[in-house]
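Chemist: Okay, so here is protein.csv, and as you'll see once you scroll down, it has CSV, C-alpha atoms.
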chain,number,residue,atom,x,y,z
T,1,MET,CA,135.3,-67.6,24.4
T,2,LEU,CA,135.5,-69.5,27.7
T,3,VAL,CA,133.4,-72.7,27.7
T,4,THR,CA,132.9,-74.8,30.8
T,5,ILE,CA,131.8,-78.4,30.2
T,6,GLY,CA,131.5,-80.4,33.4
T,7,PRO,CA,134.8,-79.9,35.3
T,8,ILE,CA,136.6,-78.8,32.1
T,9,THR,CA,137.2,-75.2,31.2
T,10,LEU,CA,138.3,-74.3,27.7
T,11,ASP,CA,139.2,-71.2,25.8
T,12,VAL,CA,137.6,-72.0,22.4
T,13,ASP,CA,137.6,-70.2,19.1
T,14,VAL,CA,134.1,-71.6,18.3
T,15,ALA,CA,133.8,-69.7,15.0
T,16,ALA,CA,137.1,-71.1,13.7
T,17,THR,CA,136.3,-74.6,14.8
T,18,ARG,CA,132.9,-74.5,13.2
T,19,ARG,CA,134.3,-73.1,9.9
T,20,PHE,CA,136.8,-76.0,9.8
T,21,TYR,CA,134.1,-78.6,10.4
T,22,GLU,CA,131.8,-77.0,7.8
T,23,ALA,CA,134.5,-77.1,5.2
T,24,SER,CA,135.8,-80.5,6.1
T,25,THR,CA,134.7,-83.8,4.6
T,26,GLY,CA,135.5,-85.5,7.9
T,27,TYR,CA,137.4,-88.6,8.6
T,28,VAL,CA,137.8,-91.3,6.0
T,29,PRO,CA,136.0,-94.3,7.5
T,30,CYS,CA,137.2,-97.8,6.9
T,31,PRO,CA,134.7,-100.3,5.5
T,32,CYS,CA,134.3,-102.1,8.9
T,33,ASP,CA,130.8,-102.3,10.3
T,34,GLY,CA,131.7,-100.1,13.3
T,35,CYS,CA,132.7,-97.3,11.0
T,36,ARG,CA,129.5,-97.8,8.9
T,37,ASN,CA,127.3,-97.8,12.0
T,38,PHE,CA,128.8,-94.6,13.5
T,39,PRO,CA,127.1,-92.0,11.3
T,40,LEU,CA,123.8,-93.8,11.9
T,41,ALA,CA,124.3,-93.8,15.6
T,42,VAL,CA,125.6,-90.2,16.2
T,43,PRO,CA,122.1,-88.7,16.5
T,44,HIS,CA,121.6,-91.1,19.4
T,45,MET,CA,124.6,-89.8,21.4
T,46,PRO,CA,123.6,-88.7,24.9
T,47,ALA,CA,122.0,-85.2,24.6
T,48,ALA,CA,124.6,-83.6,27.0
T,49,LEU,CA,127.5,-85.0,24.9
T,50,LEU,CA,125.9,-83.7,21.6
T,51,ASP,CA,125.3,-80.3,23.3
T,52,ALA,CA,128.9,-80.1,24.5
T,53,LEU,CA,130.2,-80.9,21.0
T,54,HIS,CA,128.0,-78.3,19.4
T,55,GLN,CA,129.0,-75.7,22.0
T,56,LEU,CA,132.6,-76.2,20.9
T,57,GLY,CA,131.7,-75.8,17.2
T,58,ILE,CA,132.2,-79.5,16.4
T,59,ASP,CA,130.2,-81.5,13.9
T,60,PRO,CA,129.7,-84.8,15.7
T,61,LEU,CA,129.6,-86.7,12.4
T,62,LYS,CA,133.2,-85.6,11.6
T,63,PRO,CA,135.6,-87.0,14.2
T,64,ALA,CA,139.3,-87.1,13.6
T,65,GLU,CA,139.0,-90.8,14.5
T,66,GLN,CA,136.4,-93.1,16.0
T,67,TRP,CA,136.4,-96.8,16.9
T,68,VAL,CA,134.4,-99.5,18.6
T,69,ASN,CA,135.8,-101.0,21.8
T,70,CYS,CA,133.3,-103.8,22.0
T,71,ALA,CA,129.7,-104.6,21.3
T,72,THR,CA,127.2,-105.3,24.1
T,73,PRO,CA,126.5,-109.0,24.7
T,74,ASP,CA,123.1,-108.7,23.0
T,75,GLY,CA,124.7,-107.0,20.0
T,76,LYS,CA,122.2,-104.1,20.2
T,77,ALA,CA,124.8,-101.5,21.1
T,78,ALA,CA,128.5,-100.8,21.0
T,79,LEU,CA,131.0,-98.9,23.2
T,80,TYR,CA,132.5,-96.2,20.9
T,81,GLY,CA,135.5,-94.0,21.5
T,82,GLY,CA,136.9,-91.2,19.4
T,83,PHE,CA,138.2,-87.7,19.3
T,84,TYR,CA,137.7,-84.3,17.7
T,85,ASN,CA,140.1,-81.4,17.3
T,86,VAL,CA,139.1,-78.0,18.6
T,87,CYS,CA,140.6,-74.5,17.9
T,88,GLY,CA,141.7,-73.0,21.2
T,89,GLN,CA,143.4,-73.8,24.5
T,90,ILE,CA,142.7,-75.8,27.6
T,91,VAL,CA,142.3,-73.6,30.7
T,92,SER,CA,141.6,-76.4,33.2
T,93,ALA,CA,141.0,-80.1,32.5
T,94,THR,CA,142.3,-81.9,35.6
T,95,GLU,CA,139.3,-84.3,35.5
T,96,HIS,CA,137.3,-86.2,32.9
T,97,TRP,CA,133.6,-85.3,32.6
T,98,LEU,CA,132.2,-88.7,33.6
T,99,THR,CA,128.4,-89.3,33.6
T,100,PRO,CA,126.5,-92.5,33.6
T,101,ASP,CA,126.1,-92.1,29.8
T,102,PHE,CA,129.5,-90.9,28.6
T,103,GLU,CA,133.0,-89.8,29.3
T,104,LEU,CA,134.6,-86.7,27.9
T,105,PHE,CA,138.1,-85.3,28.4
T,106,ALA,CA,140.4,-82.8,26.8
T,107,CYS,CA,144.1,-83.2,26.1
T,108,GLU,CA,146.7,-80.9,24.5
T,109,ASP,CA,148.1,-83.6,22.1
T,110,CYS,CA,146.2,-83.5,18.8
T,111,SER,CA,146.3,-86.8,16.9
T,112,LEU,CA,145.6,-87.0,13.2
T,113,LEU,CA,145.5,-83.2,13.0
T,114,LYS,CA,144.8,-82.0,9.4
T,115,PRO,CA,147.4,-79.5,8.2
T,116,ASP,CA,144.9,-76.8,7.7
T,117,PHE,CA,143.3,-77.1,11.1
T,118,PRO,CA,143.5,-73.7,12.9
T,119,ARG,CA,146.1,-73.3,15.7
T,120,PRO,CA,146.4,-73.3,18.7
T,121,CYS,CA,144.3,-76.4,19.2
T,122,PHE,CA,143.6,-79.3,21.5
T,123,GLU,CA,141.7,-82.6,21.3
T,124,VAL,CA,138.4,-83.6,22.9
T,125,ASP,CA,138.0,-87.4,23.4
T,126,PHE,CA,134.8,-89.3,24.1
T,127,TYR,CA,133.5,-92.7,25.1
T,128,CYS,CA,129.9,-93.6,25.0
T,129,GLN,CA,127.6,-96.5,24.2
T,130,LEU,CA,125.7,-96.1,20.9
T,131,PRO,CA,123.0,-98.2,19.4
T,132,TRP,CA,123.8,-100.8,16.7
T,133,LEU,CA,121.6,-99.6,13.8
T,134,LEU,CA,123.0,-101.6,10.8
T,135,GLU,CA,120.7,-104.4,9.7
T,136,MET,CA,123.6,-106.9,9.9
T,137,PRO,CA,124.7,-108.0,13.4
T,138,SER,CA,127.8,-106.5,14.9
T,139,THR,CA,131.0,-108.4,14.3
T,140,GLU,CA,132.7,-106.5,17.1
T,141,ALA,CA,133.7,-108.8,19.9
T,142,TYR,CA,132.4,-108.6,23.4
T,143,PRO,CA,135.2,-109.2,25.9
T,144,SER,CA,135.0,-112.5,27.8
T,145,PRO,CA,134.9,-112.2,31.6
So, in terms of structure tokens, how does the structure I just supplied come out?
Modeler:
Amino acid sequence: MLVTIGPITLDVDVAATRRFYEASTGYVPCPCDGCRNFPLAVPHMPAALLDALHQLGIDPLKPAEQWVNCATPDGKAALYGGFYNVCGQIVSATEHWLTPDFELFACEDCSLLKPDFPRPCFEVDFYCQLPWLLEMPSTEAYPSP
């Protein structure tokens, strides 16, 4: 099925991707506060990003990997990055889908690919700011100017 997301066109086996995510337990998070905050913050992802992930058959709570780049100076949010694997092929992805709220791009290299993930496949990477919802303050560093 051809899926166009922003400037990106993908040929996706949505059913195979969805089946994988439904059966998968997802990534194994480390005990850091960024990993513990992520599942709490996913419902607050920008709506267009969540829609795009669902359109591809991805469960946003189960990235292959995710990380915190830095917290905002007030500690109320963090800039997250991460990626998901998708069953299918990239048709055209010469540009990133860049909005004021997030960045999304597709690449052919699949990092941390589980052996039972359906082939052919590609990776969808994201960056977005998510709220800090843990009761403890973020220990993620904000870069100095």
Chemist: Do you know which residues are at most 10 Å from Ile5 (chain T) counting all atoms listed in the file, after dropping those on the same chain fewer than 2 positions away, and could you put them as a PyMOL selection string?
Modeler: chain T and resi 2-3+7-10+48-49+51-53+55-56+93+96-97+104-105
Chemist: Nearest to Glu65 (chain T) among T:Phe20, T:Trp132, T:Tyr80, T:Tyr27, with distances taken over all atoms listed in the file: which residue is it?
Modeler: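 Ranked by minimum distance to Glu65 (chain T), first place goes to T:Tyr27.
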Chemist: With all atoms listed in the file as the atoms that count, which of T:Leu40, T:Leu112, T:Val124, T:Ala64 lies nearest to Gly88 (chain T)?
Modeler: T:Val124
Chemist: Between T:Cys87, T:Cys110, T:Leu130, T:Met136, which residue has the minimum interatomic distance to Val12 (chain T), considering all atoms listed in the file?
Modeler: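 Ranked by minimum distance to Val12 (chain T), first place goes to T:Cys87.
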Chemist: Give me the residues within 8 Å of Gly26 (chain T) as number ranges by chain, counting only C-alpha atoms and dropping any in the same chain fewer than 4 places off.
Modeler: T: 21, 61-64
Chemist: Between CA of Val68 (chain T) and CA of Cys35 (chain T), what is the distance, to one decimal in Å?
Modeler: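 Going from CA of Val68 (chain T) over to CA of Cys35 (chain T) covers 8.1 Å.
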Chemist: At a cut-off of 12 Å around the point (116.5, -92.0, 17.3) (file coordinates), what residues fall inside when counting all atoms listed in the file? I'd like the answer as a PyMOL selection string.
Modeler: chain T and resi 40-47+130-133
Chemist: Which is closest to Asp13 (chain T) among T:Glu95, T:Ala71, T:Gly34, T:Val86, if we use only C-alpha atoms?
Modeler: T:Val86
Chemist: May I ask for the distance between CA of Asp101 (chain T) and CA of Gln129 (chain T), given in Å to one decimal place?
Modeler: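 Separation of CA of Asp101 (chain T) and CA of Gln129 (chain T): 7.3 Å.
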Chemist: Using Å and a single decimal, report how far CA of Arg18 (chain T) sits from CA of Glu123 (chain T).
Modeler: 14.4 Å
Chemist: Of the candidates T:Asp109, T:Asp125, T:Glu103, T:Asp116, which one gets nearest to Gln66 (chain T) if we count only C-alpha atoms?
Modeler: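 Answer, going by the shortest atom-to-atom distance: T:Asp125.
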Chemist: Would you compute, for all listed atoms of region 42-57 of chain T, the axis-aligned bounding box grown by 6 Å on each side, and then report its centre and edge lengths in Å rounded to one decimal, as AutoDock Vina command-line options?
Modeler:
--center_x 127.1 --center_y -83.4 --center_z 21.6 --size_x 23.0 --size_y 27.4 --size_z 22.8
Chemist: Ranking T:Cys128, T:Ala77, T:Cys30, T:Met1 by minimum distance to Gln89 (chain T) and counting only C-alpha atoms, which one comes first?
Modeler: T:Met1
